[in-house]
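Reviewing the structure listed below.
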Amino acid sequence: MGYLNKLFGLSEVHSEHGQMVDHMLEIVHWFMLLLFVGWSVFLVVTIWRGYHKRNPKANYHGVQSHASSHLEIGVIITEVILLLGFAFPLWANRVDQFPDPDVRVNAWAEQFAWNFQYPGADNKFGTTNRFLISNQNPIGLDPEDPNSMDDVITGSLVLPNRKKIEINVTSKDVIHNLALPTMRIAQDADPGKFSRMWFVPTKAGKSEIICGQLCGAVHGNMRSELEVVADSKKFDAWLSEQNAFKDSPIGQKAFEKFKAASPAAGEVTPASGAAAPAAVPAK
């Protein structure tokens with residue numbers, strides 16, 4: 001991390017692409033500092049030279065040199081270099097080149113909390129219905145969908161280290177923003193649609209999740225925890241310890257109905273307690 005980034009209190013970077021983000025920020029900060037000092041000196045000199053006692057008679061010809069034009073061209077060239085050399089490649093890498101993820105998570109925002117949905121052992125997200133949202137079913141999982149049974153809903157985000165992570169972000173009410181400062185990434189949460197983001201964590205540990213959008217009076221309280229565990233084994237162990245949707249009062253009734261329709265549907269996998277996908281009855 002550069003000197004100015006540290007001076008501004010930027011948190012430690014914990015993602016693969018974060019170093020490039022920090023490098024670009026450091027260059028932009030130095031460039032803006034140079035512009036600030038340069039234009040401040042120019043302003044002071046202009047005021048000093050234009051003081052009425054030094055110029056009792058007005059000069060209607062103005063500036064005769066082209067120094068300011070050369071400076072403006074230099075600023076434009078520098079900005080083009082920053083865009084073409086750093087911003088555009090970084091944007092293309094983050095937005096246009098989505099890899100196949102190792103872990104997928106759906107992030108649901110609401111005033112003023114986060115819910116994170118994991119697909120469980122079948123790696124399939126259950127369908128949702130906004131009319132089914134309740135305190136017991138915070139994202140409106142459909143109990144009629146067998147894929148919902150092993151889905152896990154948590155209030156904090158847990159991910160494995162050194163794995164490609166894809167998070168699909170949405171909102172249940174107003175526009176929010178899922179911001180992971182240590183990962184140097186954020187994504188708007190828009191009602192009615194999912195927006196993708198991806199990254200690769202590079203350091204195990206805990207950090208903070210915030211909402212990067214002014215979403216209401218107590219927007220500052222919309223915080224959660226991001227924990228990156230050492231490897232996939234620890235992540236799978238953590239996931240297997242979480243309550244699945246079938247363990248909730250609503251999901252339990254649906255799961256019992258699936259078992260009654262087909263006894264084999266009650267078989268569970270050792271990893272997460274999810275119903276075996278092959279035994280789920282067709283609709």
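By convention in this document, the chains of the structure tokens carry letters A, B, ... by their order, each chain's residues are numbered from 1, and ligands are numbered from 1 in the order they are shown.
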Could you find all residues in region 15-257 of chain A that DSSP calls strand (DSSP E or B) from the backbone, and write them as a PyMOL selection string? chain A and resi 15+103-110+113-118+128+141+152-154+157-160+165-171+176-180+185-189+191+195-199+201+205-211+223-229+244
Contacts between region 187-203 of chain A and region 2-106 of chain A, please, where a residue of region 2-106 of chain A counts if it comes within 10 Å (with only C-alpha atoms); show its shortest atom pair and distance in Å to one decimal, rows by chain and ascending number, as a tab-separated table.
```
residue	atom	partner	partner_atom	distance
A:Val13	CA	A:Thr202	CA	8.6
A:His14	CA	A:Thr202	CA	5.2
A:Ser15	CA	A:Pro201	CA	4.4
A:Glu16	CA	A:Val200	CA	5.7
A:His17	CA	A:Phe199	CA	7.3
A:Gly18	CA	A:Phe199	CA	9.1
A:Arg94	CA	A:Trp198	CA	7.1
A:Val95	CA	A:Met197	CA	7.6
A:Gln97	CA	A:Trp198	CA	9.7
A:Phe98	CA	A:Trp198	CA	7.2
A:Pro99	CA	A:Trp198	CA	8.3
A:Asp100	CA	A:Trp198	CA	9.9
A:Pro101	CA	A:Trp198	CA	8.1
A:Asp102	CA	A:Val200	CA	9.8
A:Val103	CA	A:Trp198	CA	9.9
A:Arg104	CA	A:Trp198	CA	9.3
A:Val105	CA	A:Arg196	CA	10.0
A:Asn106	CA	A:Phe194	CA	8.4
```
Just how far from CA of His176 (chain A) is CA of Glu110 (chain A), in Å to one decimal? 7.7 Å
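Considering the residues A:Ser148, A:Ser40, A:Ser156, A:Asn123 and counting only C-alpha atoms, Met222 (chain A) has its shortest atom-to-atom contact with A:Ser156.
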Per DSSP on the backbone, what are the alpha helix (DSSP H) residues of region 170-235 of chain A, as a PDB file with N, CA and C atoms, in the first residue's frame?
```pdb
ATOM      1  N   SER A 232     -11.146 -24.839   1.764  1.00  0.00           N
ATOM      2  CA  SER A 232     -12.472 -25.364   1.437  1.00  0.00           C
ATOM      3  C   SER A 232     -12.979 -26.347   2.478  1.00  0.00           C
ATOM      4  N   LYS A 233     -12.061 -27.111   3.094  1.00  0.00           N
ATOM      5  CA  LYS A 233     -12.492 -28.078   4.110  1.00  0.00           C
ATOM      6  C   LYS A 233     -13.140 -27.372   5.289  1.00  0.00           C
ATOM      7  N   LYS A 234     -12.521 -26.299   5.747  1.00  0.00           N
ATOM      8  CA  LYS A 234     -13.102 -25.548   6.861  1.00  0.00           C
ATOM      9  C   LYS A 234     -14.415 -24.880   6.454  1.00  0.00           C
ATOM     10  N   PHE A 235     -14.475 -24.433   5.207  1.00  0.00           N
ATOM     11  CA  PHE A 235     -15.720 -23.831   4.729  1.00  0.00           C
ATOM     12  C   PHE A 235     -16.831 -24.871   4.679  1.00  0.00           C
TER      13      PHE A 235
END
```
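Proximity ranking of A:Gln117, A:Ser248, A:Thr78, A:Ser68 relative to Val28 (chain A) places A:Thr78 first, based on only C-alpha atoms.
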Near Ala109 (chain A), counting only C-alpha atoms, which residues have an atom at most 9 Å away, once you skip same-chain residues fewer than 6 positions from it, shown as number ranges by chain? A: 115-116, 169-178, 189-191, 211
Would you save the residues of that selection, restricted to N, CA and C atoms, as a short mmCIF file (atom, residue, chain, number, x, y, z; two decimals), in the first residue's frame?
```cif
data_model
loop_
_atom_site.label_atom_id
_atom_site.label_comp_id
_atom_site.auth_asym_id
_atom_site.auth_seq_id
_atom_site.Cartn_x
_atom_site.Cartn_y
_atom_site.Cartn_z
N ASN A 115 -28.89 -10.63 4.35
CA ASN A 115 -29.07 -12.08 4.42
C ASN A 115 -28.28 -12.71 3.27
N PHE A 116 -27.58 -13.79 3.57
CA PHE A 116 -26.75 -14.46 2.56
C PHE A 116 -27.26 -15.89 2.37
N VAL A 169 -26.15 -10.02 -6.02
CA VAL A 169 -26.67 -9.07 -5.05
C VAL A 169 -28.03 -8.53 -5.49
N THR A 170 -28.98 -8.51 -4.55
CA THR A 170 -30.30 -7.96 -4.83
C THR A 170 -30.84 -7.29 -3.58
N SER A 171 -32.01 -6.66 -3.70
CA SER A 171 -32.61 -5.94 -2.58
C SER A 171 -34.09 -6.28 -2.47
N LYS A 172 -34.59 -6.26 -1.23
CA LYS A 172 -36.00 -6.51 -0.97
C LYS A 172 -36.82 -5.23 -0.90
N ASP A 173 -36.15 -4.07 -0.82
CA ASP A 173 -36.92 -2.82 -0.68
C ASP A 173 -36.33 -1.70 -1.54
N VAL A 174 -35.33 -0.98 -1.02
CA VAL A 174 -34.75 0.15 -1.74
C VAL A 174 -33.35 -0.22 -2.25
N ILE A 175 -32.71 0.72 -2.93
CA ILE A 175 -31.36 0.46 -3.43
C ILE A 175 -30.36 0.47 -2.28
N HIS A 176 -29.58 -0.58 -2.18
CA HIS A 176 -28.50 -0.69 -1.21
C HIS A 176 -27.19 -0.90 -1.98
N ASN A 177 -26.11 -1.17 -1.25
CA ASN A 177 -24.83 -1.43 -1.90
C ASN A 177 -24.01 -2.35 -1.00
N LEU A 178 -23.69 -3.53 -1.52
CA LEU A 178 -22.87 -4.48 -0.77
C LEU A 178 -21.40 -4.09 -0.94
N ALA A 189 -27.21 -3.10 -4.84
CA ALA A 189 -28.30 -4.06 -4.67
C ALA A 189 -29.59 -3.38 -5.10
N ASP A 190 -30.07 -3.75 -6.28
CA ASP A 190 -31.27 -3.13 -6.85
C ASP A 190 -32.48 -4.03 -6.67
N PRO A 191 -33.62 -3.47 -6.28
CA PRO A 191 -34.84 -4.28 -6.14
C PRO A 191 -35.24 -4.90 -7.48
N CYS A 211 -23.01 -1.11 3.99
CA CYS A 211 -23.83 -0.67 2.87
C CYS A 211 -23.22 0.63 2.34
#
```
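Comparing the minimum interatomic distances between Ile27 (chain A) and each of A:Ser69, A:Pro56, A:Trp48, A:Gly85, counting only C-alpha atoms, we find that A:Gly85 sits nearest.
When only C-alpha atoms are used to measure the gap to Asp231 (chain A), the shortest distance among A:Leu159, A:Leu141, A:Leu4, A:Leu84 belongs to A:Leu159.
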Need to verify the contact set: Asp151 (chain A), 10 Å, only C-alpha atoms, exclusion of same-chain residues closer than 5 positions in sequence. Can you return it as a PyMOL selection string? chain A and resi 117-126+141+146+242-246+272+274
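Among A:Phe42, A:Asp22, A:Met149, A:Ile76, the residue with the shortest atom-to-atom distance to Met183 (chain A), counting only C-alpha atoms, is A:Asp22.
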Extract, using only C-alpha atoms, all DNA, RNA and protein residues at most 10 Å from His219 (chain A), discarding same-chain residues fewer than 2 positions from it, and format them as an MDAnalysis selection string. chainID A and resid 111:113 176 210:217 221:223
